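*Asks:* Dropping in data14.cif, with mmCIF, C-alpha atoms.
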data_start
#
loop_
_atom_site.label_atom_id
_atom_site.label_comp_id
_atom_site.auth_asym_id
_atom_site.auth_seq_id
_atom_site.Cartn_x
_atom_site.Cartn_y
_atom_site.Cartn_z
CA MET A 1 18.23 -41.32 -32.73
CA MET A 2 16.45 -41.91 -29.41
CA SER A 3 17.08 -39.64 -26.43
CA SER A 4 18.54 -41.21 -23.31
CA PRO A 5 16.25 -41.51 -20.26
CA MET A 6 18.29 -38.80 -18.48
CA ASN A 7 17.82 -36.38 -21.40
CA LEU A 8 14.08 -37.02 -21.35
CA ILE A 9 13.95 -36.36 -17.58
CA ASP A 10 15.95 -33.15 -18.05
CA LYS A 11 13.58 -32.00 -20.79
CA ILE A 12 10.52 -32.76 -18.66
CA LYS A 13 12.03 -30.84 -15.74
CA GLU A 14 12.96 -27.95 -18.03
CA ASN A 15 9.46 -27.83 -19.54
CA LYS A 16 7.93 -27.93 -16.06
CA ILE A 17 10.07 -24.97 -14.98
CA VAL A 18 9.16 -23.02 -18.15
CA ARG A 19 5.49 -23.83 -17.62
CA ASN A 20 5.58 -22.74 -13.96
CA VAL A 21 7.35 -19.49 -14.88
CA GLY A 22 4.68 -18.90 -17.51
CA PHE A 23 1.91 -19.54 -15.01
CA PHE A 24 3.57 -17.21 -12.48
CA LEU A 25 3.85 -14.40 -15.04
CA ALA A 26 0.19 -14.95 -15.91
CA ILE A 27 -1.04 -14.56 -12.31
CA LEU A 28 1.56 -11.85 -11.44
CA GLY A 29 -0.03 -8.57 -10.41
CA PRO A 30 -2.45 -8.22 -7.47
CA GLY A 31 0.09 -9.04 -4.73
CA ILE A 32 2.93 -6.92 -6.09
CA ILE A 33 0.66 -3.99 -6.93
CA THR A 34 -1.07 -4.01 -3.54
CA GLY A 35 2.25 -4.27 -1.71
CA SER A 36 3.79 -1.46 -3.76
CA VAL A 37 0.84 0.90 -3.29
CA ASP A 38 1.53 0.56 0.44
CA ASN A 39 4.50 2.87 -0.17
CA ASP A 40 2.32 5.85 -1.06
CA ALA A 41 2.93 9.52 -0.17
CA GLY A 42 1.82 8.88 3.42
CA GLY A 43 4.01 5.78 3.74
CA ILE A 44 7.06 7.53 2.27
CA THR A 45 6.52 10.44 4.66
CA THR A 46 6.32 8.06 7.64
CA TYR A 47 9.52 6.22 6.67
CA SER A 48 11.31 9.51 5.91
CA VAL A 49 10.40 11.05 9.27
CA ALA A 50 11.40 7.80 11.04
CA GLY A 51 14.84 7.85 9.41
CA ALA A 52 15.37 11.58 9.92
CA SER A 53 14.23 11.50 13.57
CA TYR A 54 15.68 8.19 14.82
CA GLY A 55 18.40 7.25 12.35
CA TYR A 56 18.75 3.49 12.00
CA GLY A 57 16.99 2.98 15.35
CA LEU A 58 13.62 1.96 13.90
CA ILE A 59 14.78 -0.39 11.15
CA TRP A 60 14.00 -3.42 13.36
CA THR A 61 10.26 -2.62 13.10
CA LEU A 62 10.32 -3.71 9.45
CA ILE A 63 10.44 -7.36 10.58
CA PRO A 64 7.05 -7.31 12.40
CA CYS A 65 5.73 -5.09 9.60
CA PHE A 66 6.66 -7.75 7.05
CA ILE A 67 5.11 -10.61 9.07
CA ALA A 68 1.85 -8.70 9.62
CA LEU A 69 1.62 -7.69 5.96
CA MET A 70 2.25 -11.24 4.75
CA VAL A 71 -0.38 -12.80 7.02
CA VAL A 72 -3.09 -10.24 6.20
CA GLN A 73 -2.45 -10.34 2.44
CA GLU A 74 -2.44 -14.16 2.45
CA MET A 75 -5.86 -14.16 4.15
CA ASN A 76 -7.14 -11.82 1.44
CA LEU A 77 -5.75 -14.04 -1.29
CA ARG A 78 -7.17 -17.22 0.25
CA MET A 79 -10.64 -15.75 0.73
CA GLY A 80 -10.68 -14.42 -2.83
CA VAL A 81 -9.43 -17.64 -4.44
CA PHE A 82 -11.50 -20.14 -2.46
CA THR A 83 -14.79 -18.21 -2.22
CA GLY A 84 -14.68 -16.41 -5.58
CA LYS A 85 -16.05 -13.32 -3.79
CA GLY A 86 -14.64 -9.94 -2.89
CA LEU A 87 -14.18 -8.79 0.71
CA ALA A 88 -16.99 -6.22 0.41
CA ASP A 89 -19.37 -8.89 -0.89
CA LEU A 90 -18.50 -11.24 1.98
CA ILE A 91 -18.92 -8.53 4.64
CA ARG A 92 -22.38 -7.64 3.30
CA GLU A 93 -23.45 -11.30 3.21
CA ASN A 94 -22.20 -12.11 6.71
CA PHE A 95 -22.70 -8.88 8.68
CA GLY A 96 -25.66 -7.23 6.94
CA VAL A 97 -26.29 -4.15 4.79
CA LYS A 98 -26.47 -1.64 7.68
CA ILE A 99 -23.02 -2.47 9.06
CA THR A 100 -21.64 -2.56 5.52
CA PHE A 101 -23.10 0.89 4.79
CA TRP A 102 -21.49 2.53 7.83
CA ILE A 103 -18.12 0.85 7.26
CA PHE A 104 -18.05 1.95 3.65
CA LEU A 105 -19.24 5.48 4.38
CA GLY A 106 -16.24 5.85 6.68
CA LEU A 107 -13.94 4.29 4.07
CA LEU A 108 -15.26 6.64 1.36
CA ILE A 109 -14.60 9.72 3.50
CA ALA A 110 -11.13 8.44 4.43
CA ASP A 111 -10.26 7.60 0.82
CA LEU A 112 -11.27 11.09 -0.33
CA GLY A 113 -8.71 12.45 2.14
CA ASN A 114 -6.16 9.80 1.14
CA THR A 115 -6.56 10.68 -2.55
CA ALA A 116 -6.03 14.37 -1.77
CA THR A 117 -2.83 13.40 0.08
CA GLU A 118 -1.59 11.50 -3.00
CA PHE A 119 -2.20 14.51 -5.25
CA ALA A 120 -0.37 16.64 -2.67
CA GLY A 121 2.56 14.23 -3.11
CA ILE A 122 2.38 14.73 -6.89
CA ALA A 123 2.34 18.52 -6.46
CA GLY A 124 5.21 18.47 -3.95
CA SER A 125 7.47 16.14 -5.97
CA MET A 126 6.96 18.06 -9.21
CA SER A 127 7.60 21.42 -7.50
CA ILE A 128 11.17 20.18 -6.89
CA PHE A 129 11.55 20.03 -10.69
CA GLY A 130 10.03 23.52 -11.03
CA ILE A 131 6.57 22.40 -12.22
CA SER A 132 3.52 24.16 -10.73
CA LYS A 133 0.81 22.10 -9.05
CA TYR A 134 -1.72 23.82 -11.34
CA ILE A 135 -0.03 21.97 -14.22
CA SER A 136 1.10 18.68 -12.63
CA VAL A 137 -2.12 17.85 -10.75
CA PRO A 138 -4.65 18.32 -13.63
CA LEU A 139 -2.36 16.59 -16.16
CA THR A 140 -1.89 13.62 -13.84
CA GLY A 141 -5.64 13.43 -13.15
CA ILE A 142 -6.45 13.38 -16.88
CA SER A 143 -3.78 10.72 -17.50
CA VAL A 144 -5.18 8.54 -14.71
CA TRP A 145 -8.72 8.83 -16.09
CA LEU A 146 -7.60 7.92 -19.62
CA LEU A 147 -5.55 4.96 -18.35
CA VAL A 148 -8.50 3.48 -16.48
CA THR A 149 -11.29 4.24 -18.96
CA LYS A 150 -9.48 3.66 -22.26
CA GLY A 151 -7.30 0.71 -21.24
CA ASN A 152 -8.26 -2.75 -20.05
CA TYR A 153 -7.29 -4.74 -16.97
CA LYS A 154 -4.23 -6.33 -18.61
CA ILE A 155 -2.81 -3.02 -19.91
CA THR A 156 -3.56 -1.19 -16.66
CA GLU A 157 -1.97 -3.94 -14.60
CA ARG A 158 1.21 -3.94 -16.70
CA ILE A 159 1.58 -0.17 -16.23
CA PHE A 160 1.06 -0.60 -12.50
CA LEU A 161 3.80 -3.25 -12.43
CA ILE A 162 6.18 -0.81 -14.18
CA PHE A 163 5.30 1.74 -11.46
CA SER A 164 6.14 -0.91 -8.85
CA VAL A 165 9.60 -1.44 -10.35
CA CYS A 166 10.19 2.34 -10.45
CA LEU A 167 9.79 2.47 -6.67
CA LEU A 168 13.06 0.55 -6.42
CA SER A 169 14.69 3.89 -7.39
CA TYR A 170 14.94 4.52 -3.64
CA ILE A 171 17.80 2.00 -3.62
CA VAL A 172 19.80 4.46 -5.77
CA SER A 173 18.97 7.29 -3.40
CA ALA A 174 20.10 5.29 -0.36
CA ILE A 175 23.35 4.07 -1.97
CA SER A 176 24.18 7.67 -3.02
CA ALA A 177 23.98 8.63 0.66
CA LYS A 178 26.81 6.13 1.45
CA PRO A 179 25.35 4.54 4.60
CA ASP A 180 27.21 2.46 7.17
CA TRP A 181 25.87 -0.97 6.15
CA HIS A 182 27.35 -2.62 9.24
CA GLN A 183 25.30 -0.29 11.43
CA VAL A 184 22.23 -0.97 9.30
CA ALA A 185 22.65 -4.73 9.77
CA MET A 186 23.27 -4.35 13.53
CA SER A 187 20.06 -2.32 13.91
CA PHE A 188 18.12 -5.48 13.02
CA VAL A 189 20.07 -7.63 15.49
CA LYS A 190 20.54 -5.17 18.39
CA PRO A 191 17.89 -2.46 18.18
CA GLU A 192 18.42 0.56 20.44
CA ILE A 193 14.93 1.02 21.86
CA GLU A 194 14.01 4.37 23.42
CA TRP A 195 11.47 4.11 26.23
CA ASN A 196 9.36 7.18 25.57
CA LYS A 197 5.94 8.03 24.12
CA GLU A 198 7.29 9.61 20.93
CA TYR A 199 9.41 6.60 20.03
CA PHE A 200 6.62 4.07 20.55
CA GLY A 201 4.22 6.37 18.72
CA MET A 202 6.56 6.16 15.72
CA VAL A 203 6.83 2.36 16.10
CA LEU A 204 3.06 2.00 16.02
CA GLY A 205 2.86 4.40 13.08
CA LEU A 206 5.34 2.31 11.07
CA ILE A 207 3.40 -0.89 11.74
CA GLY A 208 0.10 0.79 10.97
CA THR A 209 1.27 2.38 7.73
CA THR A 210 1.98 -1.04 6.17
CA ILE A 211 -1.70 -2.07 6.32
CA ALA A 212 -4.52 0.25 5.16
CA PRO A 213 -8.24 -0.66 5.13
CA TRP A 214 -8.73 -0.07 1.42
CA MET A 215 -5.76 -2.32 0.52
CA GLN A 216 -7.61 -5.40 1.74
CA PHE A 217 -10.60 -4.71 -0.49
CA TYR A 218 -8.44 -3.93 -3.54
CA MET A 219 -6.31 -7.04 -3.13
CA GLN A 220 -9.28 -9.41 -3.02
CA SER A 221 -11.14 -7.67 -5.86
CA ALA A 222 -7.99 -7.74 -8.05
CA VAL A 223 -7.55 -11.48 -7.43
CA ILE A 224 -11.12 -12.09 -8.59
CA GLU A 225 -10.97 -9.76 -11.59
CA LYS A 226 -7.76 -11.47 -12.71
CA GLY A 227 -9.59 -14.81 -12.56
CA THR A 228 -7.17 -16.54 -10.16
CA HIS A 229 -8.32 -20.14 -9.55
CA GLU A 230 -7.71 -22.58 -6.70
CA ASP A 231 -5.02 -24.36 -8.74
CA ASP A 232 -3.15 -21.03 -9.01
CA TYR A 233 -3.03 -20.45 -5.24
CA LYS A 234 0.64 -21.36 -4.70
CA LEU A 235 1.88 -19.20 -7.57
CA ALA A 236 -0.46 -16.38 -6.52
CA MET A 237 1.03 -16.65 -3.02
CA LEU A 238 4.46 -16.17 -4.58
CA ASP A 239 3.13 -12.95 -6.15
CA VAL A 240 1.95 -11.79 -2.70
CA THR A 241 5.32 -12.68 -1.16
CA VAL A 242 7.26 -10.73 -3.82
CA GLY A 243 4.96 -7.75 -3.24
CA CYS A 244 5.48 -7.81 0.53
CA VAL A 245 9.26 -8.17 0.17
CA ALA A 246 9.37 -5.25 -2.30
CA THR A 247 7.34 -3.11 0.13
CA ILE A 248 9.75 -3.71 2.99
CA VAL A 249 12.85 -3.29 0.80
CA VAL A 250 11.63 0.12 -0.42
CA ALA A 251 10.79 1.12 3.17
CA LEU A 252 14.26 0.04 4.32
CA PHE A 253 16.08 2.14 1.73
CA ILE A 254 13.93 5.22 2.41
CA ILE A 255 14.75 4.99 6.14
CA VAL A 256 18.44 4.36 5.39
CA SER A 257 18.77 7.32 2.98
CA CYS A 258 17.15 9.74 5.46
CA ALA A 259 18.98 8.30 8.47
CA THR A 260 22.39 8.58 6.80
CA THR A 261 21.95 12.19 5.72
CA LEU A 262 19.19 14.05 7.56
CA HIS A 263 19.49 12.41 10.99
CA GLN A 264 23.27 12.77 11.10
CA ASN A 265 22.92 16.47 10.29
CA ASN A 266 19.97 17.11 12.65
CA ILE A 267 17.57 18.03 9.83
CA VAL A 268 13.91 17.99 10.89
CA ILE A 269 11.27 17.23 8.24
CA ASN A 270 7.47 17.12 8.18
CA GLU A 271 6.75 15.53 4.80
CA ALA A 272 8.38 13.49 2.02
CA LYS A 273 8.99 16.56 -0.15
CA ASP A 274 11.12 18.06 2.65
CA ALA A 275 13.25 14.89 2.64
CA ALA A 276 13.94 15.16 -1.10
CA ILE A 277 14.94 18.83 -0.80
CA SER A 278 17.10 18.25 2.28
CA LEU A 279 18.97 15.31 0.73
CA LYS A 280 20.63 17.49 -1.94
CA PRO A 281 23.36 19.17 0.18
CA PHE A 282 24.40 15.86 1.79
CA ALA A 283 23.92 13.18 -0.87
CA GLY A 284 23.99 15.21 -4.07
CA ALA A 285 21.46 16.31 -6.69
CA LEU A 286 21.03 12.76 -8.04
CA ALA A 287 19.88 11.37 -4.69
CA ALA A 288 17.44 14.27 -4.19
CA GLU A 289 15.98 13.99 -7.68
CA VAL A 290 15.69 10.20 -7.51
CA PHE A 291 13.93 10.54 -4.14
CA ALA A 292 11.52 13.10 -5.65
CA PHE A 293 10.94 10.85 -8.67
CA GLY A 294 10.10 7.96 -6.36
CA LEU A 295 7.63 10.16 -4.49
CA PHE A 296 6.01 11.19 -7.78
CA VAL A 297 5.68 7.60 -9.03
CA ALA A 298 4.30 6.41 -5.69
CA SER A 299 1.78 9.26 -5.57
CA VAL A 300 0.55 8.73 -9.15
CA PHE A 301 0.35 5.00 -8.50
CA SER A 302 -1.75 5.47 -5.35
CA ALA A 303 -3.83 8.31 -6.83
CA THR A 304 -4.93 5.74 -9.42
CA ILE A 305 -5.38 2.71 -7.17
CA LEU A 306 -7.13 4.46 -4.25
CA PRO A 307 -10.16 5.81 -6.19
CA LEU A 308 -10.22 2.58 -8.20
CA ALA A 309 -10.24 0.41 -5.06
CA THR A 310 -12.93 2.55 -3.42
CA ALA A 311 -15.19 2.39 -6.48
CA PHE A 312 -14.53 -1.38 -6.66
CA TYR A 313 -15.56 -2.28 -3.14
CA ILE A 314 -18.53 0.08 -2.87
CA CYS A 315 -20.02 -1.21 -6.13
CA GLU A 316 -19.21 -4.78 -5.15
CA ALA A 317 -20.91 -4.39 -1.76
CA PHE A 318 -24.13 -3.00 -3.22
CA GLY A 319 -24.38 -5.16 -6.32
CA PHE A 320 -23.32 -2.72 -9.07
CA GLU A 321 -21.15 -3.74 -12.03
CA ALA A 322 -17.47 -2.89 -11.46
CA GLY A 323 -14.08 -3.42 -13.11
CA VAL A 324 -11.66 -1.73 -15.49
CA ASP A 325 -12.54 -4.33 -18.14
CA LYS A 326 -16.10 -3.01 -18.16
CA ARG A 327 -17.11 -0.20 -20.53
CA VAL A 328 -18.31 3.09 -19.03
CA GLU A 329 -21.89 2.46 -20.23
CA ASP A 330 -21.84 -1.06 -18.71
CA ALA A 331 -20.67 0.09 -15.26
CA PRO A 332 -21.82 3.72 -14.87
CA GLN A 333 -21.89 3.69 -11.05
CA PHE A 334 -18.33 2.37 -10.91
CA TYR A 335 -16.92 5.05 -13.23
CA MET A 336 -19.01 7.84 -11.65
CA LEU A 337 -17.61 6.97 -8.23
CA PHE A 338 -14.08 6.76 -9.64
CA ALA A 339 -14.43 10.19 -11.30
CA PHE A 340 -16.02 11.73 -8.17
CA ILE A 341 -13.15 10.64 -5.89
CA LEU A 342 -10.54 11.71 -8.44
CA ILE A 343 -12.06 15.18 -8.93
CA ILE A 344 -12.55 15.83 -5.19
CA GLY A 345 -8.97 14.73 -4.45
CA MET A 346 -7.53 17.04 -7.14
CA GLY A 347 -9.86 19.90 -6.20
CA ILE A 348 -8.75 19.93 -2.57
CA VAL A 349 -5.07 20.18 -3.52
CA LEU A 350 -5.70 22.96 -6.06
CA ILE A 351 -7.43 25.18 -3.49
CA PRO A 352 -4.93 27.91 -2.50
CA ASN A 353 -3.69 27.33 1.07
CA ALA A 354 -5.79 24.18 1.44
CA PRO A 355 -5.58 22.74 5.01
CA LEU A 356 -3.79 19.55 3.89
CA ILE A 357 -2.26 18.73 7.28
CA PRO A 358 -5.63 18.68 9.16
CA ILE A 359 -7.14 16.68 6.25
CA THR A 360 -4.29 14.16 6.52
CA ILE A 361 -4.64 13.94 10.32
CA TRP A 362 -8.40 13.30 10.25
CA THR A 363 -8.01 10.84 7.38
CA GLN A 364 -5.52 8.87 9.49
CA ILE A 365 -7.97 8.91 12.42
CA ILE A 366 -10.78 7.44 10.28
CA ASN A 367 -8.40 4.84 8.80
CA ALA A 368 -7.17 3.90 12.28
CA ILE A 369 -10.73 3.44 13.56
CA LEU A 370 -11.85 1.37 10.56
CA LEU A 371 -8.80 -0.86 10.13
CA PRO A 372 -9.37 -3.04 13.25
CA VAL A 373 -13.05 -3.37 12.26
CA VAL A 374 -12.04 -4.62 8.80
CA LEU A 375 -9.39 -6.99 10.19
CA ILE A 376 -11.73 -8.45 12.82
CA SER A 377 -14.35 -9.03 10.08
CA MET A 378 -11.71 -10.75 7.93
CA ILE A 379 -10.45 -13.03 10.72
CA LEU A 380 -13.97 -14.06 11.75
CA MET A 381 -14.90 -14.90 8.16
CA VAL A 382 -11.67 -16.69 7.28
CA ASN A 383 -12.21 -18.94 10.35
CA ASN A 384 -15.80 -19.79 9.39
CA PRO A 385 -15.98 -23.30 7.83
CA GLU A 386 -19.32 -22.38 6.19
CA ILE A 387 -17.45 -19.75 4.17
CA MET A 388 -13.98 -21.28 3.79
CA GLY A 389 -14.60 -25.03 4.09
CA ASP A 390 -11.31 -26.67 5.10
CA LYS A 391 -9.30 -23.54 4.13
CA VAL A 392 -9.73 -21.82 7.50
CA ASN A 393 -6.77 -20.26 9.35
CA ASN A 394 -4.27 -22.44 11.19
CA LYS A 395 -3.08 -21.59 14.73
CA PHE A 396 -0.06 -19.63 13.52
CA GLN A 397 -2.15 -17.50 11.16
CA ASN A 398 -4.68 -16.79 13.91
CA THR A 399 -1.96 -15.88 16.39
CA ILE A 400 -0.37 -13.40 13.99
CA GLY A 401 -3.75 -12.11 12.80
CA TRP A 402 -5.13 -11.41 16.27
CA THR A 403 -1.78 -10.01 17.49
CA THR A 404 -1.67 -7.61 14.53
CA THR A 405 -5.26 -6.57 15.18
CA THR A 406 -4.55 -6.00 18.89
CA VAL A 407 -1.49 -3.86 18.08
CA LEU A 408 -3.53 -1.85 15.60
CA ILE A 409 -6.28 -1.30 18.19
CA ILE A 410 -3.58 0.05 20.53
CA LEU A 411 -2.45 2.25 17.61
CA THR A 412 -6.01 3.51 17.20
CA VAL A 413 -6.35 4.46 20.86
CA PHE A 414 -2.89 6.06 20.88
CA LEU A 415 -3.49 7.96 17.63
CA LEU A 416 -6.92 9.19 18.71
CA GLY A 417 -5.65 10.27 22.12
CA SER A 418 -2.52 12.06 20.92
CA THR A 419 -4.25 13.70 17.95
CA LEU A 420 -7.24 14.96 19.92
CA GLN A 421 -4.88 16.24 22.60
CA SER A 422 -2.92 18.19 20.00
CA LEU A 423 -6.12 19.68 18.54
CA LEU A 424 -7.50 20.86 21.89
CA PRO A 425 -6.66 24.45 22.91
CA HIS A 426 -3.82 24.62 25.45
#
Have the structure of the file written as structure tokens, please.
*Replies:*
Amino acid sequence: MMSSPMNLIDKIKENKIVRNVGFFLAILGPGIITGSVDNDAGGITTYSVAGASYGYGLIWTLIPCFIALMVVQEMNLRMGVFTGKGLADLIRENFGVKITFWIFLGLLIADLGNTATEFAGIAGSMSIFGISKYISVPLTGISVWLLVTKGNYKITERIFLIFSVCLLSYIVSAISAKPDWHQVAMSFVKPEIEWNKEYFGMVLGLIGTTIAPWMQFYMQSAVIEKGTHEDDYKLAMLDVTVGCVATIVVALFIIVSCATTLHQNNIVINEAKDAAISLKPFAGALAAEVFAFGLFVASVFSATILPLATAFYICEAFGFEAGVDKRVEDAPQFYMLFAFILIIGMGIVLIPNAPLIPITIWTQIINAILLPVVLISMILMVNNPEIMGDKVNNKFQNTIGWTTTTVLIILTVFLLGSTLQSLLPH
């Protein structure tokens, strides 16, 4: 019996949907992973302090954060897909080896500090469950090494995607705190802006924490290693969009949970671990433990990605073999760099009374200095027809890109000035 024309059309449409879903699942990964890693120990601390200090008053900043993140990540995706080259490779080709060397030396130093901060997050979150850092940090480091060296890109990526989903646990923590959702919604529509240095310092910090220099290199390298082609661009862009949305959603619920409990009870915190501990009396043990679990997952996630990204872009820039699909003997420089960063990061945290706060401060300074340099390089290259052909930025993308860069330069000046002032003897 022959099918009616309408049945045939329905089947074609159904098959097309199935095929597109299949394609999306195949290219899923780089965008979501990069967006999720944005919520690392440093990011969680920033959102926690924002919620505890200003309540719902800074939630509106998540809108410009989302726009900036989307535009920058799309530029990364487009450059990776349409040039077939990583960001480090393109910078070396277009700006020379000397400039590349100094940029990457700064990035390496910053990423050593960033990795130490992630392991500090692991130590802090596990201490809430009564586990010593001398157990949690080495065990995590060994697990990370085995995951990267014994797995392959597909396995590693799937585990990273599971980590990304686990970060949604902050939704549970926020709901347990029983926030005033009407007030949350109104904070987007009618933000109560405070006209003082501290408030705007926090605004700039929130915008700056959504975009880190190393993220741009990892994103583009991951797109290439996954083998994303020009025909996959639209579906890959969907992956980037989901990642950016997930980043902002997690940030929102962290701010909400801390605003509802800590801010309303005038609790001052300095780091994410303090937020988890302080939540318990106001939102219950579940909220505190879920918050600590989220911090642990985020820290492990970033403690894996950060050294991996650093090894990726340094090897890429100087022509060494790189990639988790490569065997150790085929990419010795890549794995040596990865191990070096991992060991230094763990070692710093395991030193008794290690000066983690100064390390974090100086790491942020180096990141803040390098980020505008990286973004300016990206925007110049993505607007070069010799590199991108007809895939250069449009006016909207350039407007957002240059605005974001300008804001981040202001952040750099502000951060440098305020930090150096605090370090000088009074």
*Asks:* Name the residues in contact with Cys65 of chain A at a cut-off of 8 Å, using only C-alpha atoms, excluding same-chain residues fewer than 2 positions from it; report them as a PyMOL selection string.
*Replies:* chain A and resi 61-63+67-69+206-207+210+248
*Asks:* Out of A:Val328, A:Val250, A:Gly319, A:Asn353, which residue has the shortest atom-to-atom distance to Leu168 of chain A when counting all atoms listed in the file?
*Replies:*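 Nearest to Leu168 of chain A: A:Val250.
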*Asks:* Please indicate the distance in Å from atom CA of Ala292 of chain A to atom CA of Thr115 of chain A, rounded to one decimal place.
*Replies:*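 So the two atoms, atom CA of Ala292 of chain A and atom CA of Thr115 of chain A, lie 18.5 Å apart.
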*Asks:* Return as a list in words the set of residues that the PyMOL selection byres ((chain A and resi 322) around 8) yields on the displayed structure.
*Replies:* Ala311, Phe312, Cys315, Glu316, Phe320, Glu321, Gly323, Val324, Lys326, Ala331, Gln333 and Phe334 of chain A
*Asks:* Using only C-alpha atoms, pick whichever of A:Cys244, A:Leu105, A:Val373, A:Ala185 has the shortest atom-to-atom distance to Met70 of chain A.
*Replies:*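 Smallest separation from Met70 of chain A among the options: A:Cys244.
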*Asks:* So, counting all atoms listed in the file, which residue among A:Ile400, A:Ile122, A:Leu58, A:Val97 is closest to Gly201 of chain A?
*Replies:*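 Smallest distance to Gly201 of chain A is found for A:Leu58.
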